[in-house]
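S.K.: File start_2.cif follows (mmCIF, C-alpha atoms and all ligand atoms):
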data_query
loop_
_atom_site.label_atom_id
_atom_site.label_comp_id
_atom_site.auth_asym_id
_atom_site.auth_seq_id
_atom_site.Cartn_x
_atom_site.Cartn_y
_atom_site.Cartn_z
CA MET A 1480 38.70 -40.52 0.44
CA LYS A 1481 40.39 -37.15 0.94
CA GLN A 1482 39.06 -36.13 -2.49
CA TYR A 1483 35.44 -36.85 -1.43
CA ILE A 1484 35.81 -34.85 1.78
CA CYS A 1485 37.11 -31.97 -0.31
CA ILE A 1486 34.15 -32.12 -2.77
CA GLY A 1487 31.77 -32.42 0.15
CA ARG A 1488 33.29 -29.34 1.74
CA ARG A 1489 33.03 -27.41 -1.52
CA VAL A 1490 29.34 -28.32 -1.90
CA PHE A 1491 28.82 -27.27 1.70
CA VAL A 1492 30.44 -23.83 1.10
CA TRP A 1493 28.53 -23.39 -2.19
CA PHE A 1494 25.24 -24.17 -0.46
CA PHE A 1495 25.85 -21.51 2.17
CA LEU A 1496 26.86 -18.90 -0.43
CA VAL A 1497 23.68 -19.51 -2.47
CA ALA A 1498 21.41 -19.72 0.55
CA GLY A 1499 23.10 -16.59 1.96
CA SER A 1500 22.58 -14.54 -1.19
CA ALA A 1501 18.92 -15.61 -1.38
CA TRP A 1502 17.87 -14.97 2.18
CA GLY A 1503 20.79 -13.99 4.38
CA GLN A 1504 22.13 -10.71 3.03
CA PRO A 1505 20.26 -7.40 3.24
CA VAL A 1506 19.64 -5.88 -0.20
CA SER A 1507 20.21 -2.18 -0.85
CA THR A 1508 18.07 -0.36 -3.41
CA PRO A 1509 20.03 0.83 -6.44
CA GLY A 1510 20.01 4.54 -7.21
CA THR A 1511 19.46 5.78 -3.70
CA GLY A 1512 22.90 7.27 -3.19
CA LEU A 1513 21.81 10.89 -3.49
CA PRO A 1514 19.61 11.95 -0.57
CA GLN A 1515 18.56 15.01 -2.62
CA ALA A 1516 16.90 12.66 -5.13
CA LEU A 1517 14.60 11.15 -2.52
CA PHE A 1518 11.37 12.41 -1.01
CA ARG A 1519 11.18 12.28 2.78
CA LEU A 1520 8.64 9.86 4.21
CA ARG A 1521 6.10 12.46 5.24
CA GLU A 1522 6.39 14.22 1.89
CA MET A 1523 4.65 11.24 0.26
CA ASP A 1524 1.06 10.03 0.38
CA LEU A 1525 0.32 7.25 -2.08
CA HIS A 1526 -3.30 6.79 -0.98
CA LEU A 1527 -5.48 9.87 -0.59
CA HIS A 1528 -9.23 9.65 -1.14
CA ALA A 1529 -10.34 12.58 -3.24
CA GLY A 1530 -13.55 11.45 -4.93
CA LEU A 1531 -17.12 10.81 -3.84
CA GLU A 1532 -16.33 11.02 -0.12
CA ARG A 1533 -14.75 14.44 -0.54
CA ARG A 1534 -16.32 17.11 1.63
CA THR A 1535 -14.51 20.07 0.12
CA ASP A 1536 -13.48 21.08 -3.39
CA LEU A 1537 -10.46 19.26 -4.78
CA GLU A 1538 -8.22 22.33 -4.75
CA SER A 1539 -8.72 23.02 -1.00
CA TRP A 1540 -8.34 19.30 -0.20
CA ILE A 1541 -4.97 19.14 -2.00
CA HIS A 1542 -3.97 22.45 -0.45
CA THR A 1543 -4.55 21.04 3.07
CA MET A 1544 -2.18 18.17 2.31
CA VAL A 1545 0.47 20.39 0.75
CA ALA A 1546 0.30 22.70 3.77
CA ASP A 1547 1.04 19.67 5.97
CA GLY A 1548 4.16 18.88 3.93
CA ARG A 1549 3.08 16.54 1.13
CA ARG A 1550 4.98 16.79 -2.17
CA VAL A 1551 3.80 13.61 -3.90
CA ILE A 1552 0.20 12.40 -3.74
CA LEU A 1553 -1.72 9.56 -5.32
CA LEU A 1554 -5.31 10.79 -5.67
CA LEU A 1555 -7.90 8.02 -5.85
CA ASP A 1556 -11.35 6.78 -5.02
CA HIS A 1557 -13.02 3.42 -4.36
CA LEU A 1558 -13.96 2.10 -7.79
CA GLU A 1559 -17.02 0.20 -6.57
CA LEU A 1560 -18.72 3.44 -5.43
CA TYR A 1561 -19.35 4.29 -9.09
CA ARG A 1562 -21.41 1.13 -9.51
CA LYS A 1563 -24.23 2.52 -7.37
CA THR A 1564 -27.48 3.36 -9.14
CA PRO A 1565 -28.35 7.10 -9.15
CA GLN A 1566 -30.95 6.36 -6.44
CA GLU A 1567 -28.44 4.45 -4.26
CA LEU A 1568 -25.88 7.22 -4.67
CA MET A 1569 -28.40 9.87 -3.69
CA GLU A 1570 -29.38 7.95 -0.52
CA TRP A 1571 -25.74 7.23 0.35
CA ASN A 1572 -24.80 10.91 -0.06
CA LYS A 1573 -27.72 11.95 2.12
CA LYS A 1574 -26.95 9.38 4.84
CA ASN A 1575 -23.28 10.40 5.03
CA GLN A 1576 -23.88 14.08 4.38
CA PHE A 1577 -21.60 14.06 1.33
CA PRO A 1578 -22.11 17.00 -1.03
CA GLY A 1579 -22.34 14.59 -4.00
CA VAL A 1580 -19.50 15.92 -6.12
CA TYR A 1581 -19.78 13.36 -8.95
CA PRO A 1582 -22.54 11.38 -10.63
CA THR A 1583 -22.39 7.59 -10.65
CA GLY A 1584 -21.16 5.30 -13.45
CA LYS A 1585 -18.90 6.16 -16.35
CA GLU A 1586 -19.83 9.84 -16.28
CA GLY A 1587 -18.72 10.16 -12.66
CA ARG A 1588 -15.49 8.23 -13.18
CA ASN A 1589 -14.55 10.30 -16.21
CA ALA A 1590 -15.30 13.57 -14.38
CA LEU A 1591 -13.16 12.46 -11.43
CA MET A 1592 -10.19 11.48 -13.58
CA GLN A 1593 -10.53 14.71 -15.55
CA ASP A 1594 -10.40 16.71 -12.29
CA PHE A 1595 -7.32 14.76 -11.16
CA GLN A 1596 -5.63 15.38 -14.50
CA GLU A 1597 -6.38 19.11 -14.44
CA ALA A 1598 -5.15 19.47 -10.86
CA SER A 1599 -1.97 17.65 -11.82
CA ASP A 1600 -1.42 19.95 -14.82
CA ARG A 1601 -2.13 23.09 -12.79
CA ARG A 1602 -0.18 22.59 -9.59
CA ARG A 1603 3.53 23.21 -9.41
CA ASP A 1604 3.92 22.66 -5.65
CA VAL A 1605 3.03 18.95 -5.60
CA ILE A 1606 3.31 15.94 -7.93
CA LEU A 1607 -0.11 14.34 -8.38
CA PHE A 1608 -0.80 10.85 -9.67
CA ARG A 1609 -4.24 9.33 -10.26
CA GLY A 1610 -5.59 5.87 -9.58
CA TRP A 1611 -8.25 3.62 -8.13
CA GLU A 1612 -8.64 1.63 -4.97
CA VAL A 1613 -10.06 -1.73 -6.03
CA TYR A 1614 -11.49 -4.28 -3.61
CA GLU A 1615 -9.26 -7.37 -3.42
CA GLY A 1616 -12.27 -9.67 -3.98
CA GLU A 1617 -12.44 -8.45 -7.59
CA LEU A 1618 -9.26 -10.43 -8.21
CA ASP A 1619 -11.50 -13.51 -7.71
CA THR A 1620 -14.75 -12.29 -9.25
CA GLY A 1621 -13.47 -10.34 -12.27
CA LEU A 1622 -12.23 -6.83 -13.09
CA GLU A 1623 -13.72 -3.80 -14.83
CA PRO A 1624 -11.15 -2.90 -17.51
CA GLU A 1625 -12.44 0.46 -18.76
CA PRO A 1626 -11.92 2.54 -15.59
CA MET A 1627 -8.77 0.62 -14.68
CA ASP A 1628 -7.23 1.66 -18.01
CA MET A 1629 -7.46 5.30 -16.86
CA ALA A 1630 -5.32 4.75 -13.77
CA GLU A 1631 -1.62 5.38 -13.37
CA VAL A 1632 -1.64 3.21 -10.24
CA ILE A 1633 -3.99 0.54 -8.93
CA GLY A 1634 -4.20 -0.05 -5.18
CA TRP A 1635 -5.76 -3.27 -3.94
CA HIS A 1636 -7.92 -2.86 -0.86
CA VAL A 1637 -7.09 -5.64 1.59
CA SER A 1638 -10.14 -6.10 3.79
CA PRO A 1639 -9.90 -6.59 7.57
CA ARG A 1640 -12.60 -9.25 7.18
CA ASN A 1641 -13.95 -8.37 10.60
CA GLY A 1642 -15.84 -11.23 12.17
CA GLN A 1643 -13.96 -13.74 10.01
CA LYS A 1644 -10.40 -15.08 9.85
CA ALA A 1645 -7.93 -12.17 9.94
CA PRO A 1646 -5.79 -11.61 6.82
CA ASP A 1647 -2.40 -13.31 7.02
CA GLY A 1648 0.75 -14.19 5.07
CA LYS A 1649 -0.93 -16.95 3.10
CA ASP A 1650 -3.62 -14.56 1.88
CA LEU A 1651 -1.03 -11.94 0.93
CA ILE A 1652 1.01 -14.45 -1.09
CA ARG A 1653 -2.13 -15.55 -2.95
CA ARG A 1654 -3.08 -11.94 -3.69
CA VAL A 1655 0.42 -11.02 -4.90
CA LYS A 1656 0.33 -13.95 -7.35
CA GLN A 1657 -3.05 -12.75 -8.65
CA ILE A 1658 -1.87 -9.13 -8.89
CA LYS A 1659 1.19 -10.20 -10.90
CA ALA A 1660 -1.06 -12.02 -13.36
CA THR A 1661 -3.29 -8.92 -13.61
CA GLN A 1662 -0.34 -6.77 -14.66
CA ASN A 1663 -0.18 -8.64 -17.99
CA ARG A 1664 -3.43 -6.84 -18.83
CA PHE A 1665 -2.93 -3.63 -16.78
CA PRO A 1666 0.78 -2.72 -16.97
CA VAL A 1667 0.83 -0.12 -14.18
CA PRO A 1668 2.45 -0.10 -10.74
CA MET A 1669 0.23 -1.74 -8.16
CA ILE A 1670 0.08 -1.41 -4.38
CA VAL A 1671 -1.24 -3.83 -1.79
CA PHE A 1672 -3.08 -1.48 0.56
CA HIS A 1673 -2.68 -1.88 4.32
CA PRO A 1674 -2.28 -5.68 4.69
CA PHE A 1675 -0.62 -5.61 8.13
CA SER A 1676 -2.84 -3.06 9.85
CA MET A 1677 -5.99 -4.82 8.61
CA ARG A 1678 -4.95 -7.95 10.49
CA LEU A 1679 -4.44 -5.90 13.65
CA GLU A 1680 -7.80 -4.20 13.20
CA ASN A 1681 -9.51 -7.59 12.89
CA LEU A 1682 -7.75 -9.00 15.99
CA THR A 1683 -8.54 -5.90 18.05
CA ARG A 1684 -12.24 -5.96 17.13
CA THR A 1685 -12.51 -9.71 17.65
CA ALA A 1686 -10.96 -9.37 21.12
CA ILE A 1687 -13.30 -6.53 22.10
CA HIS A 1688 -16.30 -8.43 20.71
CA ALA A 1689 -15.35 -11.43 22.87
CA GLY A 1690 -15.11 -9.20 25.94
CA CYS A 1691 -11.28 -9.44 26.08
CA ASP A 1692 -8.80 -6.63 26.44
CA PRO A 1693 -6.83 -6.31 23.15
CA LYS A 1694 -3.77 -5.68 25.34
CA THR A 1695 -3.76 -9.42 26.13
CA LEU A 1696 -3.04 -10.28 22.46
CA THR A 1697 0.37 -11.94 22.17
CA VAL A 1698 3.13 -11.38 19.60
CA GLU A 1699 2.43 -14.86 18.16
CA GLU A 1700 -1.25 -14.02 17.67
CA CYS A 1701 -0.40 -10.69 16.06
CA ARG A 1702 2.25 -12.09 13.70
CA PHE A 1703 1.17 -11.88 10.06
CA PHE A 1704 3.58 -14.46 8.66
CA GLN A 1705 4.23 -18.11 9.41
CA ALA A 1706 7.62 -19.78 8.84
CA GLY A 1707 8.80 -19.61 5.22
CA GLU A 1708 6.16 -17.12 4.04
CA GLN A 1709 8.39 -14.04 4.10
CA GLU A 1710 10.95 -15.85 1.92
CA GLU A 1711 8.24 -16.75 -0.56
CA LEU A 1712 6.90 -13.20 -0.67
CA VAL A 1713 10.41 -11.77 -1.19
CA ARG A 1714 10.89 -14.13 -4.14
CA LEU A 1715 7.54 -13.16 -5.66
CA LEU A 1716 8.13 -9.43 -5.29
CA ALA A 1717 11.75 -9.37 -6.52
CA GLY A 1718 11.86 -7.03 -9.51
CA ALA A 1719 8.05 -6.72 -9.63
CA SER A 1720 6.18 -3.42 -9.82
CA ILE A 1721 4.16 -4.34 -6.74
CA TYR A 1722 4.47 -2.36 -3.53
CA ILE A 1723 3.32 -2.94 0.03
CA GLU A 1724 1.65 -0.07 1.84
CA MET A 1725 2.62 1.29 5.25
CA SER A 1726 -0.55 3.19 6.11
CA LEU A 1727 -1.12 5.65 8.92
CA ASP A 1728 -3.11 2.90 10.65
CA HIS A 1729 0.19 1.43 11.83
CA ASP A 1730 0.50 4.43 14.11
CA LYS A 1731 -2.70 3.37 15.89
CA TYR A 1732 -1.24 -0.02 16.87
CA TRP A 1733 2.36 1.04 17.42
CA ASP A 1734 2.09 1.63 21.17
CA HIS A 1735 0.73 -1.89 21.76
CA PRO A 1736 3.98 -3.74 22.69
CA ALA A 1737 3.05 -7.13 21.17
CA MET A 1738 1.71 -5.53 18.00
CA GLN A 1739 4.81 -3.39 17.65
CA GLN A 1740 7.04 -6.43 18.03
CA ALA A 1741 4.96 -8.38 15.50
CA MET A 1742 5.07 -5.51 12.97
CA MET A 1743 8.85 -5.32 13.21
CA ALA A 1744 9.26 -9.10 12.90
CA ASP A 1745 6.89 -9.19 9.91
CA ILE A 1746 8.11 -6.15 7.97
CA LYS A 1747 11.82 -5.65 8.69
CA PRO A 1748 13.05 -8.87 7.02
CA LEU A 1749 11.06 -7.89 3.90
CA ALA A 1750 12.59 -4.41 3.85
CA GLU A 1751 16.10 -5.80 4.32
CA ARG A 1752 15.63 -8.12 1.37
CA GLY A 1753 14.50 -5.62 -1.20
CA VAL A 1754 10.70 -5.42 -0.89
CA GLN A 1755 9.53 -1.90 -1.83
CA PHE A 1756 6.90 -0.02 0.15
CA THR A 1757 4.61 3.00 -0.10
CA ILE A 1758 3.79 5.62 2.52
CA ALA A 1759 0.14 6.60 2.85
CA THR A 1760 -2.43 8.37 4.99
CA ASP A 1761 -5.60 6.78 3.51
CA HIS A 1762 -7.34 10.00 4.55
CA HIS A 1763 -10.99 10.23 3.56
CA SER A 1764 -12.11 13.40 5.31
CA PRO A 1765 -10.90 16.64 6.94
CA ALA A 1766 -11.50 14.91 10.32
CA SER A 1767 -9.02 12.12 9.51
CA ALA A 1768 -6.64 14.68 7.96
CA ALA A 1769 -6.45 16.38 11.35
CA LYS A 1770 -4.51 13.37 12.75
CA SER A 1771 -0.78 13.91 13.00
CA PHE A 1772 1.18 12.17 10.24
CA HIS A 1773 4.64 11.01 11.25
CA PRO A 1774 5.33 7.81 9.33
CA GLU A 1775 8.96 7.76 10.49
CA ARG A 1776 7.70 6.72 13.95
CA TYR A 1777 6.47 3.30 12.80
CA CYS A 1778 8.32 2.95 9.48
CA LEU A 1779 11.98 3.38 10.45
CA PRO A 1780 11.95 0.70 13.21
CA CYS A 1781 10.44 -1.66 10.59
CA GLY A 1782 13.29 -0.92 8.16
CA VAL A 1783 11.05 1.13 5.87
CA ASP A 1784 12.90 4.30 4.89
CA GLU A 1785 13.43 6.74 1.99
CA ALA A 1786 15.42 4.16 0.02
CA ASN A 1787 12.63 1.60 -0.20
CA THR A 1788 9.65 3.96 -0.49
CA ASN A 1789 10.76 6.24 -3.34
CA THR A 1790 10.92 3.54 -6.01
CA ILE A 1791 7.26 3.85 -6.96
CA VAL A 1792 7.58 7.63 -7.38
CA ARG A 1793 10.54 7.21 -9.69
CA GLU A 1794 8.76 4.48 -11.62
CA LEU A 1795 5.66 6.63 -12.08
CA LEU A 1796 7.70 9.63 -13.21
CA ALA A 1797 9.59 7.42 -15.67
CA LEU A 1798 6.33 6.06 -17.05
CA ARG A 1799 5.00 9.60 -17.50
CA ALA A 1800 8.19 10.73 -19.20
CA LYS A 1801 8.07 7.75 -21.55
CA LYS A 1802 4.41 8.34 -22.37
CA SER A 1803 5.10 11.98 -23.19
CA LEU A 1804 7.59 11.04 -25.94
ZN ZN A 1901 -8.47 3.67 1.06
#
Here is a file; write its structure as structure tokens.

M.R.:
Amino acid sequence: MKQYICIGRRVFVWFFLVAGSAWGQPVSTPGTGLPQALFRLREMDLHLHAGLERRTDLESWIHTMVADGRRVILLLDHLELYRKTPQELMEWNKKNQFPGVYPTGKEGRNALMQDFQEASDRRRDVILFRGWEVYEGELDTGLEPEPMDMAEVIGWHVSPRNGQKAPDGKDLIRRVKQIKATQNRFPVPMIVFHPFSMRLENLTRTAIHAGCDPKTLTVEECRFFQAGEQEELVRLLAGASIYIEMSLDHDKYWDHPAMQQAMMADIKPLAERGVQFTIATDHHSPASAAKSFHPERYCLPCGVDEANTNTIVRELLALRAKKSL
């Protein structure tokens, strides 16, 4: 009898050790012991639009960002914009008063990537990477391999789906599984762009549309994840080259007490268990670039710091170094 109690106790202890290592203990990122080797949060912008919506020349646009403190930038554009017909592009440029810096189609995409490459070769004051922002729906409908092969990074645009069900944990888990499968064909780091803030945007607009004050939204309504979903996401992302974006949009919702509480409850457990993030402005225009950029305000309380946001930079630099051999 005593023997059985002893075995039972051992199984009990073993269960807690295993369960603890899987979900209980915070994980620290390896190789983050030297602060000098890390970029500060506001030195990084892994999502800067610098293509068809650009209102100035690329050099001045980059210069504005560098002057505001950026040292690492991912330059990109929405891939689907290059699928417009010449007529559609002309009308779109006219409507939005864009100078029309690139033609549409393959010619435009190649010219954009060439400009990104030349800027990267020329500048010594900032590290520039190039990529595309691809609409998440293309994970369902099919991808366009040729332009994606030119990218060092692919960012997946999570839509706010305004007027429909707001994005949530279930959607994110489904997308991360699809993104992982995509990396068999496109072996580059990938970022899930702004999942959390898109939910908050949807909820805010829905409330206003219904004549309600968004201030009445509760923490429960704002929460992105349901029970068990964070654990599943942590398991899926462990060791993967998939990052979750903390965009400047978080700043917009940070002073809403329920939203702030929801963001911390959604993001901090991920950060503590090894999920890696990216810092981004998602600036499209000089007007948006005029907003103050202090990611530490909304990142640090969510557990997102230098240690879990520099991994992508190191990975990209390693990939470049390896390619140059
Ligand atoms: Zn964007």

S.K.: Would you list the residues that come within 7 Å of ligand ZN 1901 (chain A)? Count all atoms listed in the file and give the answer as number ranges by chain.

M.R.: A: 1526, 1528, 1612, 1636, 1761

S.K.: With distances taken over all atoms listed in the file, which of A:Asp1600, A:Asp1556, A:Asp1734, A:Glu1586 is nearest to Lys1694 (chain A)?

M.R.: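 When distances to Lys1694 (chain A) are compared using all atoms listed in the file, the smallest one comes from A:Asp1734.
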
S.K.: Counting only C-alpha atoms, which of A:Pro1582, A:Pro1774, A:Gly1621, A:Pro1505 gets nearest to Leu1560 (chain A)?

M.R.: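 With only C-alpha atoms as the atom set, the closest residue is A:Pro1582.
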
S.K.: Considering all atoms listed in the file, tabulate each residue of region 1664-1782 of chain A that lies at most 7 Å from region 1520-1523 of chain A along with its nearest interatomic pair and the corresponding distance in Å to one decimal; arrange the rows by chain and ascending residue number and present them as JSON lines.

M.R.:
{"residue": "A:Ile1758", "atom": "CA", "partner": "A:Met1523", "partner_atom": "CA", "distance": 6.1}
{"residue": "A:Ala1759", "atom": "CA", "partner": "A:Met1523", "partner_atom": "CA", "distance": 7.0}
{"residue": "A:His1773", "atom": "CA", "partner": "A:Arg1521", "partner_atom": "CA", "distance": 6.4}
{"residue": "A:Pro1774", "atom": "CA", "partner": "A:Arg1521", "partner_atom": "CA", "distance": 6.2}
{"residue": "A:Glu1775", "atom": "CA", "partner": "A:Leu1520", "partner_atom": "CA", "distance": 6.6}

S.K.: Need to verify the contact set: region 1542-1554 of chain A, 7 Å, only C-alpha atoms, exclusion of same-chain residues closer than 3 positions in sequence. Can you return it as a list in words?

M.R.: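 Within the cut-off, the hits are Arg1521, Glu1522, Met1523, Asp1524, Leu1525, His1526, Leu1527, His1528, Ala1529, Glu1538, Ser1539, Asp1604, Val1605, Ile1606, Leu1607, Phe1608, Arg1609 and Gly1610 of chain A.
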
S.K.: Counting all atoms listed in the file, figure out which residue out of A:Ile1791, A:Met1725, A:Val1506, A:Ala1744 gets nearest to Arg1776 (chain A).

M.R.: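 Residue with the minimum atom-to-atom distance to Arg1776 (chain A): A:Met1725.
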
S.K.: What gap, in Å, lies between CA of Pro1626 (chain A) and CA of Arg1562 (chain A)?

M.R.: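 Between CA of Pro1626 (chain A) and CA of Arg1562 (chain A) the gap works out to 11.4 Å.
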
S.K.: Using CA of Ile1746 (chain A) and CA of Leu1679 (chain A) as the two end points, give the distance in Å to one decimal.

M.R.: 13.8 Å

S.K.: Between CA of Met1627 (chain A) and CA of Tyr1614 (chain A), what distance in Å does the model show, to one decimal?

M.R.: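 CA of Tyr1614 (chain A) lies at a distance of 12.4 Å from CA of Met1627 (chain A).
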
S.K.: So which residues touch Gln1643 (chain A) within 10 Å, counting only C-alpha atoms, skipping near sequence neighbours fewer than 2 positions away, as a list in words?

M.R.: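 Using only C-alpha atoms, the neighbours found are Pro1639, Arg1640, Asn1641, Ala1645, Pro1646, Asn1681, Leu1682 and Thr1685 of chain A.
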
S.K.: Might you pull out every residue within 9 Å of Met1592 (chain A), with only C-alpha atoms counted and same-chain residues fewer than 5 positions away left off, and present them as a list in words?

M.R.: Leu1555, Gly1587, Glu1597, Arg1609, Gly1610, Met1629 and Ala1630 of chain A

S.K.: Please return, as an mmCIF file with C-alpha atoms, in the frame of the given file, all polymer residues that have at least one atom within 12 Å of the point (-9.6, -1.0, -17.5); use all atoms listed in the file and the file's own coordinate frame.

M.R.:
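Result written to point_33.cif:
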data_model
loop_
_atom_site.group_PDB
_atom_site.id
_atom_site.type_symbol
_atom_site.label_atom_id
_atom_site.label_comp_id
_atom_site.auth_asym_id
_atom_site.auth_seq_id
_atom_site.Cartn_x
_atom_site.Cartn_y
_atom_site.Cartn_z
ATOM 1 C CA LEU A 1558 -13.960 2.100 -7.790
ATOM 2 C CA LYS A 1585 -18.900 6.160 -16.350
ATOM 3 C CA ARG A 1588 -15.490 8.230 -13.180
ATOM 4 C CA GLY A 1610 -5.590 5.870 -9.580
ATOM 5 C CA TRP A 1611 -8.250 3.620 -8.130
ATOM 6 C CA VAL A 1613 -10.060 -1.730 -6.030
ATOM 7 C CA GLY A 1621 -13.470 -10.340 -12.270
ATOM 8 C CA LEU A 1622 -12.230 -6.830 -13.090
ATOM 9 C CA GLU A 1623 -13.720 -3.800 -14.830
ATOM 10 C CA PRO A 1624 -11.150 -2.900 -17.510
ATOM 11 C CA GLU A 1625 -12.440 0.460 -18.760
ATOM 12 C CA PRO A 1626 -11.920 2.540 -15.590
ATOM 13 C CA MET A 1627 -8.770 0.620 -14.680
ATOM 14 C CA ASP A 1628 -7.230 1.660 -18.010
ATOM 15 C CA MET A 1629 -7.460 5.300 -16.860
ATOM 16 C CA ALA A 1630 -5.320 4.750 -13.770
ATOM 17 C CA GLU A 1631 -1.620 5.380 -13.370
ATOM 18 C CA VAL A 1632 -1.640 3.210 -10.240
ATOM 19 C CA ILE A 1633 -3.990 0.540 -8.930
ATOM 20 C CA THR A 1661 -3.290 -8.920 -13.610
ATOM 21 C CA GLN A 1662 -0.340 -6.770 -14.660
ATOM 22 C CA ARG A 1664 -3.430 -6.840 -18.830
ATOM 23 C CA PHE A 1665 -2.930 -3.630 -16.780
ATOM 24 C CA PRO A 1666 0.780 -2.720 -16.970
ATOM 25 C CA VAL A 1667 0.830 -0.120 -14.180
#

S.K.: For Gly1530 (chain A), which residue among A:Phe1672, A:Ser1764, A:His1735, A:Ala1741 is the nearest when counting only C-alpha atoms?

M.R.: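 The shortest atom-to-atom distance to Gly1530 (chain A) comes from A:Ser1764.
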
S.K.: Compile the contact shell of Glu1751 (chain A) as a list of chain:residue names: residues with an atom at most 7 Å away, counting only C-alpha atoms, same-chain residues fewer than 2 positions apart removed.

M.R.: A:Pro1505, A:Val1506, A:Lys1747, A:Pro1748, A:Leu1749, A:Gly1753, A:Gly1782

S.K.: Just the selected residues (C-alpha atoms), exported as a PDB file, in the coordinates of the input, please.

M.R.:
ATOM      1  CA  PRO A1505      20.260  -7.400   3.240  1.00  0.00           C
ATOM      2  CA  VAL A1506      19.640  -5.880  -0.200  1.00  0.00           C
ATOM      3  CA  LYS A1747      11.820  -5.650   8.690  1.00  0.00           C
ATOM      4  CA  PRO A1748      13.050  -8.870   7.020  1.00  0.00           C
ATOM      5  CA  LEU A1749      11.060  -7.890   3.900  1.00  0.00           C
ATOM      6  CA  GLY A1753      14.500  -5.620  -1.200  1.00  0.00           C
ATOM      7  CA  GLY A1782      13.290  -0.920   8.160  1.00  0.00           C
TER       8      GLY A1782
END

S.K.: Considering all atoms listed in the file, state which residue in the set A:Pro1674, A:Ser1803, A:Gln1739, A:Thr1790 is at the smallest distance from Thr1511 (chain A).

M.R.: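 Counting all atoms listed in the file, the residue closest to Thr1511 (chain A) is A:Thr1790.
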
S.K.: May I have a table of the residues of region 1684-1731 of chain A lying at most 8 Å from region 1650-1660 of chain A, giving each one's closest pair of atoms and their distance in Å to one decimal, counting only C-alpha atoms, ordered by chain and ascending residue number, as a tab-separated table?

M.R.:
residue	atom	partner	partner_atom	distance
A:Glu1708	CA	A:Ile1652	CA	7.7
A:Glu1711	CA	A:Ile1652	CA	7.6
A:Leu1712	CA	A:Ile1652	CA	6.0
A:Leu1715	CA	A:Lys1656	CA	7.4
A:Leu1716	CA	A:Val1655	CA	7.9
A:Ala1719	CA	A:Lys1659	CA	7.8
A:Ile1721	CA	A:Lys1659	CA	7.8

S.K.: Would you kindly return, as a PyMOL selection string, each protein, DNA or RNA residue with an atom no farther than 12 Å from any atom of Asn1575 (chain A), considering only C-alpha atoms and excluding same-chain residues fewer than 3 positions away?

M.R.: chain A and resi 1531-1534+1568-1572+1578-1579+1764
